[in-house]
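Okay, input01.tsv is below, TSV, C-alpha atoms and all ligand atoms:
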chain	number	residue	atom	x	y	z
A	867	MET	CA	119.70	325.39	127.48
A	868	ARG	CA	116.95	327.58	126.06
A	869	GLU	CA	119.47	330.41	125.73
A	870	GLY	CA	122.16	328.15	124.28
A	871	GLY	CA	119.64	326.75	121.83
A	872	LYS	CA	118.93	330.23	120.52
A	873	ILE	CA	122.65	330.72	119.89
A	874	LEU	CA	122.73	327.41	118.08
A	875	ALA	CA	119.73	328.28	115.88
A	876	ALA	CA	121.21	331.67	115.00
A	877	THR	CA	124.46	329.95	114.08
A	878	MET	CA	122.66	327.37	111.93
A	879	ARG	CA	120.87	330.17	110.10
A	880	GLU	CA	124.09	332.12	109.51
A	881	VAL	CA	126.13	329.12	108.38
A	882	SER	CA	123.43	327.84	106.01
A	883	GLY	CA	123.12	331.31	104.52
A	884	ALA	CA	126.79	331.18	103.51
A	885	ILE	CA	126.37	328.18	101.21
A	886	VAL	CA	127.24	329.17	97.63
A	887	PRO	CA	127.46	326.34	95.04
A	888	GLY	CA	130.97	325.94	93.63
A	889	LYS	CA	132.46	328.36	96.16
A	890	THR	CA	131.85	327.48	99.79
A	891	SER	CA	133.81	324.62	101.32
A	892	PRO	CA	132.86	322.72	104.48
A	893	LYS	CA	135.95	324.17	106.14
A	894	MET	CA	134.66	327.69	105.50
A	895	LEU	CA	131.30	326.78	107.02
A	896	ASP	CA	133.02	325.28	110.06
A	897	GLU	CA	134.96	328.49	110.54
A	898	ILE	CA	131.78	330.59	110.39
A	899	ALA	CA	130.14	328.30	112.96
A	900	ARG	CA	133.09	328.46	115.35
A	901	LYS	CA	133.32	332.27	115.18
A	902	LYS	CA	129.59	332.74	115.64
A	903	ILE	CA	129.43	330.40	118.64
A	904	GLN	CA	132.51	331.88	120.31
A	905	GLY	CA	131.37	335.41	119.48
A	906	SER	CA	128.13	334.66	121.34
A	907	GLY	CA	130.04	333.86	124.53
A	908	ALA	CA	129.60	330.11	124.10
A	909	GLU	CA	131.87	327.21	123.16
A	910	PRO	CA	131.51	324.71	120.32
A	911	SER	CA	130.64	321.40	122.03
A	912	PHE	CA	132.23	319.24	119.32
A	913	LEU	CA	135.66	320.88	119.04
A	914	GLY	CA	138.07	318.38	120.57
A	915	TYR	CA	135.25	316.04	121.67
A	916	LYS	CA	136.86	312.59	121.66
A	917	GLY	CA	139.49	314.25	119.45
A	918	PHE	CA	137.11	315.59	116.78
A	919	PRO	CA	139.12	318.25	114.89
A	920	ALA	CA	136.35	320.79	114.09
A	921	SER	CA	133.41	322.70	115.55
A	922	ALA	CA	130.87	321.25	113.13
A	923	CYS	CA	130.30	317.86	111.57
A	924	ILE	CA	129.65	318.53	107.88
A	925	SER	CA	128.31	315.57	105.94
A	926	VAL	CA	127.90	315.76	102.16
A	927	ASN	CA	125.67	313.48	100.04
A	928	ASP	CA	126.39	309.83	100.97
A	929	VAL	CA	128.05	310.85	104.25
A	930	VAL	CA	125.52	310.07	106.99
A	931	VAL	CA	127.14	311.92	109.91
A	932	HIS	CA	130.48	312.94	111.47
A	933	GLY	CA	131.99	314.33	108.26
A	934	ILE	CA	135.22	316.24	108.91
A	935	PRO	CA	135.11	319.65	107.18
A	936	ASP	CA	137.49	319.80	104.19
A	937	ASP	CA	138.45	322.26	101.45
A	938	THR	CA	136.36	320.78	98.63
A	939	PRO	CA	133.78	323.37	97.52
A	940	LEU	CA	130.17	322.23	97.69
A	941	GLN	CA	128.65	321.69	94.26
A	942	GLU	CA	125.24	322.53	92.82
A	943	GLY	CA	122.96	319.55	93.53
A	944	ASP	CA	124.75	318.39	96.70
A	945	ILE	CA	123.00	318.03	100.01
A	946	VAL	CA	124.98	319.06	103.07
A	947	GLY	CA	124.29	318.12	106.67
A	948	LEU	CA	125.42	320.60	109.32
A	949	ASP	CA	125.59	319.26	112.86
A	950	PHE	CA	126.97	321.12	115.84
A	951	GLY	CA	126.61	321.69	119.54
A	952	VAL	CA	126.77	324.76	121.75
A	953	TYR	CA	128.06	324.76	125.33
A	954	TYR	CA	126.66	327.74	127.22
A	955	LYS	CA	126.43	328.47	130.94
A	956	GLY	CA	127.27	324.87	131.80
A	957	PHE	CA	124.83	323.14	129.45
A	958	HIS	CA	124.96	321.69	125.95
A	959	THR	CA	122.48	321.88	123.09
A	960	ASP	CA	122.86	319.94	119.84
A	961	SER	CA	121.11	320.28	116.48
A	962	ALA	CA	121.50	319.24	112.85
A	963	TRP	CA	119.93	320.24	109.58
A	964	THR	CA	120.48	319.09	106.01
A	965	PHE	CA	120.46	321.81	103.36
A	966	PRO	CA	120.24	321.76	99.56
A	967	VAL	CA	123.20	323.27	97.68
A	968	GLY	CA	121.59	325.27	94.88
A	969	LYS	CA	119.07	323.31	92.86
A	970	ILE	CA	118.80	319.65	93.87
A	971	SER	CA	117.04	316.66	92.36
A	972	ALA	CA	113.42	315.83	93.22
A	973	ASN	CA	114.67	312.62	94.84
A	974	ALA	CA	117.07	314.50	97.09
A	975	GLN	CA	114.39	317.03	98.04
A	976	ARG	CA	111.97	314.23	98.93
A	977	LEU	CA	114.61	312.66	101.21
A	978	LEU	CA	115.08	315.98	103.01
A	979	ASN	CA	111.33	316.49	103.38
A	980	VAL	CA	110.72	313.00	104.75
A	981	THR	CA	113.63	313.16	107.20
A	982	ARG	CA	112.56	316.57	108.53
A	983	GLU	CA	108.95	315.40	108.85
A	984	SER	CA	110.09	312.26	110.73
A	985	LEU	CA	111.90	314.49	113.23
A	986	TYR	CA	108.76	316.52	113.92
A	987	GLN	CA	106.63	313.38	114.19
A	988	GLY	CA	109.14	312.03	116.72
A	989	ILE	CA	109.12	315.29	118.67
A	990	ALA	CA	105.31	315.16	118.90
A	991	GLN	CA	105.69	311.89	120.85
A	992	ALA	CA	108.11	313.47	123.36
A	993	LYS	CA	105.50	314.04	126.04
A	994	VAL	CA	105.05	313.13	129.68
A	995	GLY	CA	103.77	309.59	130.14
A	996	ASN	CA	105.00	308.31	126.78
A	997	MET	CA	108.09	306.13	126.54
A	998	VAL	CA	111.25	306.46	124.46
A	999	GLY	CA	109.97	303.65	122.25
A	1000	ASP	CA	106.98	305.77	121.23
A	1001	ILE	CA	109.39	308.28	119.66
A	1002	SER	CA	111.49	305.51	118.08
A	1003	HIS	CA	108.56	303.62	116.63
A	1004	THR	CA	106.88	306.74	115.22
A	1005	VAL	CA	110.05	307.80	113.38
A	1006	GLN	CA	110.74	304.33	111.99
A	1007	LYS	CA	107.17	303.69	110.88
A	1008	TYR	CA	106.94	306.96	108.97
A	1009	VAL	CA	110.40	306.72	107.35
A	1010	GLU	CA	109.95	303.13	106.23
A	1011	SER	CA	106.45	303.85	104.92
A	1012	MET	CA	108.13	306.34	102.58
A	1013	GLY	CA	110.54	303.66	101.33
A	1014	TYR	CA	113.71	304.80	103.12
A	1015	GLY	CA	116.10	303.17	105.58
A	1016	VAL	CA	116.60	304.23	109.21
A	1017	VAL	CA	120.22	304.15	110.38
A	1018	ARG	CA	120.70	301.68	113.27
A	1019	ASP	CA	124.32	302.36	114.24
A	1020	LEU	CA	123.69	305.81	115.72
A	1021	VAL	CA	120.89	307.09	117.93
A	1022	GLY	CA	119.60	310.20	119.67
A	1023	HIS	CA	120.44	310.83	123.31
A	1024	GLY	CA	119.77	312.67	126.51
A	1025	ILE	CA	121.66	315.97	126.82
A	1026	GLY	CA	122.42	318.49	129.56
A	1027	LYS	CA	125.60	319.06	131.52
A	1028	ARG	CA	127.12	316.47	129.22
A	1029	LEU	CA	126.73	316.32	125.44
A	1030	HIS	CA	125.60	312.69	125.50
A	1031	GLU	CA	123.56	311.42	128.42
A	1032	GLU	CA	121.08	308.64	129.09
A	1033	PRO	CA	118.70	307.61	127.72
A	1034	SER	CA	119.53	306.53	124.17
A	1035	VAL	CA	116.80	307.59	121.75
A	1036	PRO	CA	116.88	305.19	118.78
A	1037	ASN	CA	115.08	306.03	115.54
A	1038	PHE	CA	113.69	302.49	115.41
A	1039	GLY	CA	111.91	300.29	117.92
A	1040	LYS	CA	108.65	299.23	119.46
A	1041	PRO	CA	106.06	301.48	121.11
A	1042	LYS	CA	105.62	301.42	124.91
A	1043	ARG	CA	109.20	300.26	125.45
A	1044	GLY	CA	112.21	301.89	127.06
A	1045	GLU	CA	112.41	304.66	129.60
A	1046	ARG	CA	109.29	306.56	130.61
A	1047	LEU	CA	109.41	310.26	129.70
A	1048	ARG	CA	109.19	312.69	132.60
A	1049	ALA	CA	108.79	316.45	132.83
A	1050	GLY	CA	112.14	318.22	132.82
A	1051	MET	CA	114.00	315.70	130.65
A	1052	THR	CA	116.00	317.16	127.77
A	1053	MET	CA	116.92	315.00	124.81
A	1054	CYS	CA	118.16	315.06	121.23
A	1055	ILE	CA	115.89	313.45	118.67
A	1056	GLU	CA	117.83	312.96	115.46
A	1057	PRO	CA	116.65	310.74	112.62
A	1058	MET	CA	119.37	309.71	110.15
A	1059	VAL	CA	117.61	308.53	107.01
A	1060	ASN	CA	119.14	306.77	104.00
A	1061	GLU	CA	117.75	306.74	100.49
A	1062	GLY	CA	118.63	303.03	100.22
A	1063	THR	CA	119.98	300.56	102.75
A	1064	TRP	CA	120.23	301.56	106.41
A	1065	ARG	CA	123.69	300.00	106.55
A	1066	VAL	CA	126.67	302.32	106.97
A	1067	THR	CA	130.46	302.10	106.85
A	1068	THR	CA	133.15	304.16	108.58
A	1069	ASP	CA	136.07	305.73	106.67
A	1070	SER	CA	139.68	305.11	107.69
A	1071	ASP	CA	139.70	308.54	109.44
A	1072	GLY	CA	137.63	306.85	112.15
A	1073	TRP	CA	134.85	309.48	111.94
A	1074	THR	CA	133.19	309.78	108.54
A	1075	MET	CA	130.18	307.47	108.27
A	1076	ARG	CA	128.79	306.73	104.82
A	1077	THR	CA	125.91	304.79	103.36
A	1078	GLU	CA	127.08	301.32	102.39
A	1079	ASP	CA	125.45	301.59	98.95
A	1080	GLY	CA	126.69	305.13	98.19
A	1081	LYS	CA	123.17	306.57	98.07
A	1082	LEU	CA	122.18	309.81	99.80
A	1083	SER	CA	121.58	310.30	103.52
A	1084	ALA	CA	119.93	313.11	105.49
A	1085	HIS	CA	120.00	314.09	109.16
A	1086	PHE	CA	117.80	316.44	111.17
A	1087	GLU	CA	118.11	316.98	114.92
A	1088	HIS	CA	116.66	319.15	117.64
A	1089	THR	CA	117.27	319.42	121.36
A	1090	VAL	CA	113.84	319.08	122.99
A	1091	ALA	CA	112.64	319.75	126.54
A	1092	ILE	CA	109.80	317.59	127.81
A	1093	LEU	CA	107.47	319.89	129.73
A	1094	PRO	CA	104.11	319.26	131.44
A	1095	GLU	CA	102.36	321.14	128.63
A	1096	GLY	CA	104.23	319.24	125.88
A	1097	PRO	CA	107.55	319.22	124.03
A	1098	GLU	CA	109.49	322.47	123.58
A	1099	ILE	CA	112.08	322.64	120.80
A	1100	LEU	CA	115.06	324.47	122.30
A	1101	THR	CA	117.18	324.71	119.14
A	1102	THR	CA	114.84	326.79	117.03
A	1103	ASP	CA	114.70	330.52	116.48
A	1104	ASP	CA	111.92	333.09	116.70
A	1105	GLU	CA	111.20	332.86	113.02
A	1106	GLY	CA	110.48	329.17	113.50
A	1107	LEU	CA	112.26	328.11	110.33
A	1108	LEU	CA	114.77	325.96	112.15
B	1201	MG	MG	123.12	314.56	118.85
B	1202	MG	MG	124.19	316.63	116.64

In structure tokens, what does this structure look like?
Amino acid sequence: MREGGKILAATMREVSGAIVPGKTSPKMLDEIARKKIQGSGAEPSFLGYKGFPASACISVNDVVVHGIPDDTPLQEGDIVGLDFGVYYKGFHTDSAWTFPVGKISANAQRLLNVTRESLYQGIAQAKVGNMVGDISHTVQKYVESMGYGVVRDLVGHGIGKRLHEEPSVPNFGKPKRGERLRAGMTMCIEPMVNEGTWRVTTDSDGWTMRTEDGKLSAHFEHTVAILPEGPEILTTDDEGLL
């Protein structure tokens, strides 16, 4: 998973580097992701998963998660969430990042900053002896203190030989509740944070989830290993930017 996570991080870096306002479409980004993952000797975890038609979920502006890549070029001021998984040597890793397209508003930038920070605050709680609820509560408390909504309909998850495993890792909840964290567990922590209401709707395609009020949403995710010495982020690269 450590090796697969490096492939994922390198792919995230390459795909995000291809974003050009007014030119790049989600479909083009999906194609870059698929080629990079396959070219690394791995497989895209999402392609065909429960019938999903692409290698990456690409979620623009009010789309929370599970956006299906289309041909509409990204525009200056958009925010775009890239979410994909890598299957390598029998194990999955899964990560998401939300990027600015060109120059974005101060409000949009603040949403990205808060969501990313909530991920790292959650990861800091992923240590032996804590419980899942300690992660959940920490994320929720921080996000809500900044005036945003935490999505309830989707949660983080265990990961390993399967893309989604037990336990569920909600981004909301009470401390000292849920499963106790043990050394060797691997899980995805993935806050989905809305500018306004936490409520979401699903498009008629059965995948695309949007904010109910049409305001922005951001999503950051890492695959994390819980080790005796503390959490290790598996889906980052050597430069530490992802
Ligand atoms: Mg995930
Ligand atoms: Mg994901």

Enumerate residues in contact with ligand MG 1202 (chain B): an atom-to-atom distance of at most 10 Å, counting all atoms listed in the file. Format the result as a count of residues only.
28

Just how far from atom CA of Thr1074 of chain A is atom CA of Thr1004 of chain A, in Å to one decimal?
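Atom-to-atom, atom CA of Thr1004 of chain A and atom CA of Thr1074 of chain A are spaced 27.3 Å apart.
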
Scan for residues within 6 Å of the point (124.7, 321.3, 132.1) in the coordinates of the file, using only C-alpha atoms, and reply as a VMD selection string.
chain A and resid 956 to 957 1026 to 1027

Same residues, C-alpha atoms, output as a compact mmCIF listing (two decimals), in the frame of the given file:
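Saved the output as out08.txt:
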# COMPACT_ATOMS: atom_id res chain seq x y z
CA GLY A 956 127.27 324.87 131.80
CA PHE A 957 124.83 323.14 129.45
CA GLY A 1026 122.42 318.49 129.56
CA LYS A 1027 125.60 319.06 131.52

As an exercise, work out the distance from atom CA of Asp1079 of chain A to atom CA of Val1035 of chain A in Å and give it to one decimal place.
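That distance, rounded to one decimal, is 25.1 Å.
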
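Shortest separation to ligand MG 1201 (chain B) among A:His958, A:Arg1048, A:His1003, A:Lys993 occurs at residue A:His958, atoms counted being all atoms listed in the file.
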
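Using all atoms listed in the file for every distance, the candidate list A:Met1012, A:Asp937, A:Asp1104, A:Phe918 yields A:Phe918 as the residue closest to Asp1071 of chain A.
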
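From atom CA of Asn927 of chain A back to atom CA of Gly947 of chain A, the distance works out to 8.2 Å.
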
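With only C-alpha atoms and all ligand atoms as the atoms that count, the residue of A:Thr1052, A:Ser891, A:Ser1070, A:Gln904 with the shortest distance to ligand MG 1201 (chain B) is A:Thr1052.
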
Between A:Gly1039, A:Gly870, A:Gly988, A:Pro966, single out the one closest to Ala1084 of chain A, counting all atoms listed in the file.
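Ranking A:Gly1039, A:Gly870, A:Gly988, A:Pro966 by distance to Ala1084 of chain A, first place goes to A:Pro966.
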
Using only C-alpha atoms, which of A:Pro1057, A:Pro1097, A:Pro919, A:Gly914 sits nearest Thr981 of chain A?
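Ranked by minimum distance to Thr981 of chain A, first place goes to A:Pro1057.
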
For Lys902 of chain A, which residue among A:Lys969, A:Arg1076, A:Arg879, A:Arg868 is the nearest when counting all atoms listed in the file?
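Distance minimum relative to Lys902 of chain A lands on A:Arg879.
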
Surrounding residues of Met1058 of chain A excluding itself and chain neighbours under 5 positions, 12 Å, only C-alpha atoms, as number ranges by chain
A: 925, 928-932, 947, 949, 962-964, 977-978, 980-985, 1002, 1005-1006, 1009, 1014-1022, 1036-1038, 1063-1066, 1075-1077, 1082-1087

Selection as a ChimeraX atom specification: residues within 10 Å of (122.6, 320.5, 98.4), counting all atoms listed in the file
/A:885-887,926-927,940-947,964-971,974-975,978

When you look at Glu1095 of chain A with a cut-off of 12 Å (counting all atoms listed in the file), what residues show up, excluding the ones that are within fewer than 4 positions of it in the same chain? I need them as a ChimeraX atom specification.
/A:990,992-995,1048-1050,1091

Grab all the atoms of segment 992-1010 of chain A that the file lists, wrap them in a box along x, y and z, add 6 Å per side, and give me centre plus edge lengths in Å (one decimal) as lines of an AutoDock Vina configuration file.
center_x = 107.6
center_y = 308.6
center_z = 118.2
size_x = 19.7
size_y = 22.9
size_z = 35.9

Output requested as a JSON list (two decimals), in the frame of the given file - segment 996-1007 of chain A, filled out with all heavy atoms.
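Generated output (result.json):
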[["chain", "number", "residue", "atom", "x", "y", "z"],
["A", 996, "ASN", "N", 104.55, 309.18, 127.87],
["A", 996, "ASN", "CA", 105.00, 308.31, 126.78],
["A", 996, "ASN", "C", 106.32, 307.66, 127.16],
["A", 996, "ASN", "O", 106.93, 308.01, 128.17],
["A", 996, "ASN", "CB", 105.17, 309.11, 125.49],
["A", 996, "ASN", "CG", 103.91, 309.07, 124.63],
["A", 996, "ASN", "OD1", 102.89, 308.50, 125.02],
["A", 996, "ASN", "ND2", 103.98, 309.69, 123.47],
["A", 997, "MET", "N", 106.78, 306.75, 126.32],
["A", 997, "MET", "CA", 108.09, 306.13, 126.54],
["A", 997, "MET", "C", 108.98, 306.41, 125.34],
["A", 997, "MET", "O", 108.49, 306.79, 124.26],
["A", 997, "MET", "CB", 107.91, 304.63, 126.74],
["A", 997, "MET", "CG", 107.29, 304.36, 128.10],
["A", 997, "MET", "SD", 106.60, 302.73, 128.20],
["A", 997, "MET", "CE", 106.81, 302.40, 129.94],
["A", 998, "VAL", "N", 110.30, 306.21, 125.55],
["A", 998, "VAL", "CA", 111.25, 306.46, 124.46],
["A", 998, "VAL", "C", 110.84, 305.70, 123.21],
["A", 998, "VAL", "O", 110.91, 306.22, 122.09],
["A", 998, "VAL", "CB", 112.68, 306.09, 124.90],
["A", 998, "VAL", "CG1", 113.62, 306.10, 123.70],
["A", 998, "VAL", "CG2", 113.19, 307.07, 125.96],
["A", 999, "GLY", "N", 110.37, 304.47, 123.39],
["A", 999, "GLY", "CA", 109.97, 303.65, 122.25],
["A", 999, "GLY", "C", 108.86, 304.27, 121.41],
["A", 999, "GLY", "O", 108.73, 303.95, 120.22],
["A", 1000, "ASP", "N", 108.05, 305.11, 122.00],
["A", 1000, "ASP", "CA", 106.98, 305.77, 121.23],
["A", 1000, "ASP", "C", 107.59, 306.74, 120.20],
["A", 1000, "ASP", "O", 107.06, 306.88, 119.09],
["A", 1000, "ASP", "CB", 106.02, 306.50, 122.17],
["A", 1000, "ASP", "CG", 105.27, 305.54, 123.07],
["A", 1000, "ASP", "OD1", 104.75, 304.54, 122.55],
["A", 1000, "ASP", "OD2", 105.25, 305.76, 124.30],
["A", 1001, "ILE", "N", 108.67, 307.41, 120.60],
["A", 1001, "ILE", "CA", 109.39, 308.28, 119.66],
["A", 1001, "ILE", "C", 110.02, 307.41, 118.56],
["A", 1001, "ILE", "O", 109.84, 307.65, 117.36],
["A", 1001, "ILE", "CB", 110.49, 309.08, 120.39],
["A", 1001, "ILE", "CG1", 109.89, 309.98, 121.47],
["A", 1001, "ILE", "CG2", 111.31, 309.90, 119.38],
["A", 1001, "ILE", "CD1", 110.92, 310.65, 122.37],
["A", 1002, "SER", "N", 110.75, 306.38, 119.00],
["A", 1002, "SER", "CA", 111.49, 305.51, 118.08],
["A", 1002, "SER", "C", 110.56, 304.90, 117.04],
["A", 1002, "SER", "O", 110.84, 304.93, 115.83],
["A", 1002, "SER", "CB", 112.15, 304.38, 118.87],
["A", 1002, "SER", "OG", 112.93, 304.90, 119.93],
["A", 1003, "HIS", "N", 109.48, 304.33, 117.51],
["A", 1003, "HIS", "CA", 108.56, 303.62, 116.63],
["A", 1003, "HIS", "C", 107.91, 304.57, 115.62],
["A", 1003, "HIS", "O", 107.77, 304.24, 114.43],
["A", 1003, "HIS", "CB", 107.48, 302.94, 117.47],
["A", 1003, "HIS", "CG", 106.48, 302.20, 116.65],
["A", 1003, "HIS", "ND1", 106.77, 301.04, 115.97],
["A", 1003, "HIS", "CD2", 105.17, 302.48, 116.37],
["A", 1003, "HIS", "CE1", 105.70, 300.63, 115.32],
["A", 1003, "HIS", "NE2", 104.71, 301.47, 115.54],
["A", 1004, "THR", "N", 107.54, 305.76, 116.09],
["A", 1004, "THR", "CA", 106.88, 306.74, 115.22],
["A", 1004, "THR", "C", 107.80, 307.15, 114.07],
["A", 1004, "THR", "O", 107.38, 307.23, 112.91],
["A", 1004, "THR", "CB", 106.46, 307.97, 116.04],
["A", 1004, "THR", "OG1", 105.50, 307.54, 117.01],
["A", 1004, "THR", "CG2", 105.85, 309.05, 115.17],
["A", 1005, "VAL", "N", 109.08, 307.41, 114.41],
["A", 1005, "VAL", "CA", 110.05, 307.80, 113.38],
["A", 1005, "VAL", "C", 110.24, 306.66, 112.37],
["A", 1005, "VAL", "O", 110.14, 306.86, 111.16],
["A", 1005, "VAL", "CB", 111.41, 308.18, 114.02],
["A", 1005, "VAL", "CG1", 112.47, 308.37, 112.94],
["A", 1005, "VAL", "CG2", 111.26, 309.46, 114.86],
["A", 1006, "GLN", "N", 110.47, 305.47, 112.88],
["A", 1006, "GLN", "CA", 110.74, 304.33, 111.99],
["A", 1006, "GLN", "C", 109.56, 304.04, 111.08],
["A", 1006, "GLN", "O", 109.73, 303.83, 109.87],
["A", 1006, "GLN", "CB", 111.06, 303.07, 112.81],
["A", 1006, "GLN", "CG", 111.34, 301.86, 111.92],
["A", 1006, "GLN", "CD", 111.67, 300.60, 112.72],
["A", 1006, "GLN", "OE1", 111.36, 300.51, 113.91],
["A", 1006, "GLN", "NE2", 112.32, 299.66, 112.08],
["A", 1007, "LYS", "N", 108.36, 304.04, 111.65],
["A", 1007, "LYS", "CA", 107.17, 303.69, 110.88],
["A", 1007, "LYS", "C", 106.98, 304.67, 109.72],
["A", 1007, "LYS", "O", 106.73, 304.26, 108.57],
["A", 1007, "LYS", "CB", 105.94, 303.71, 111.81],
["A", 1007, "LYS", "CG", 104.77, 302.91, 111.28],
["A", 1007, "LYS", "CD", 103.68, 302.77, 112.32],
["A", 1007, "LYS", "CE", 102.59, 303.78, 112.02],
["A", 1007, "LYS", "NZ", 101.49, 303.80, 112.96]]
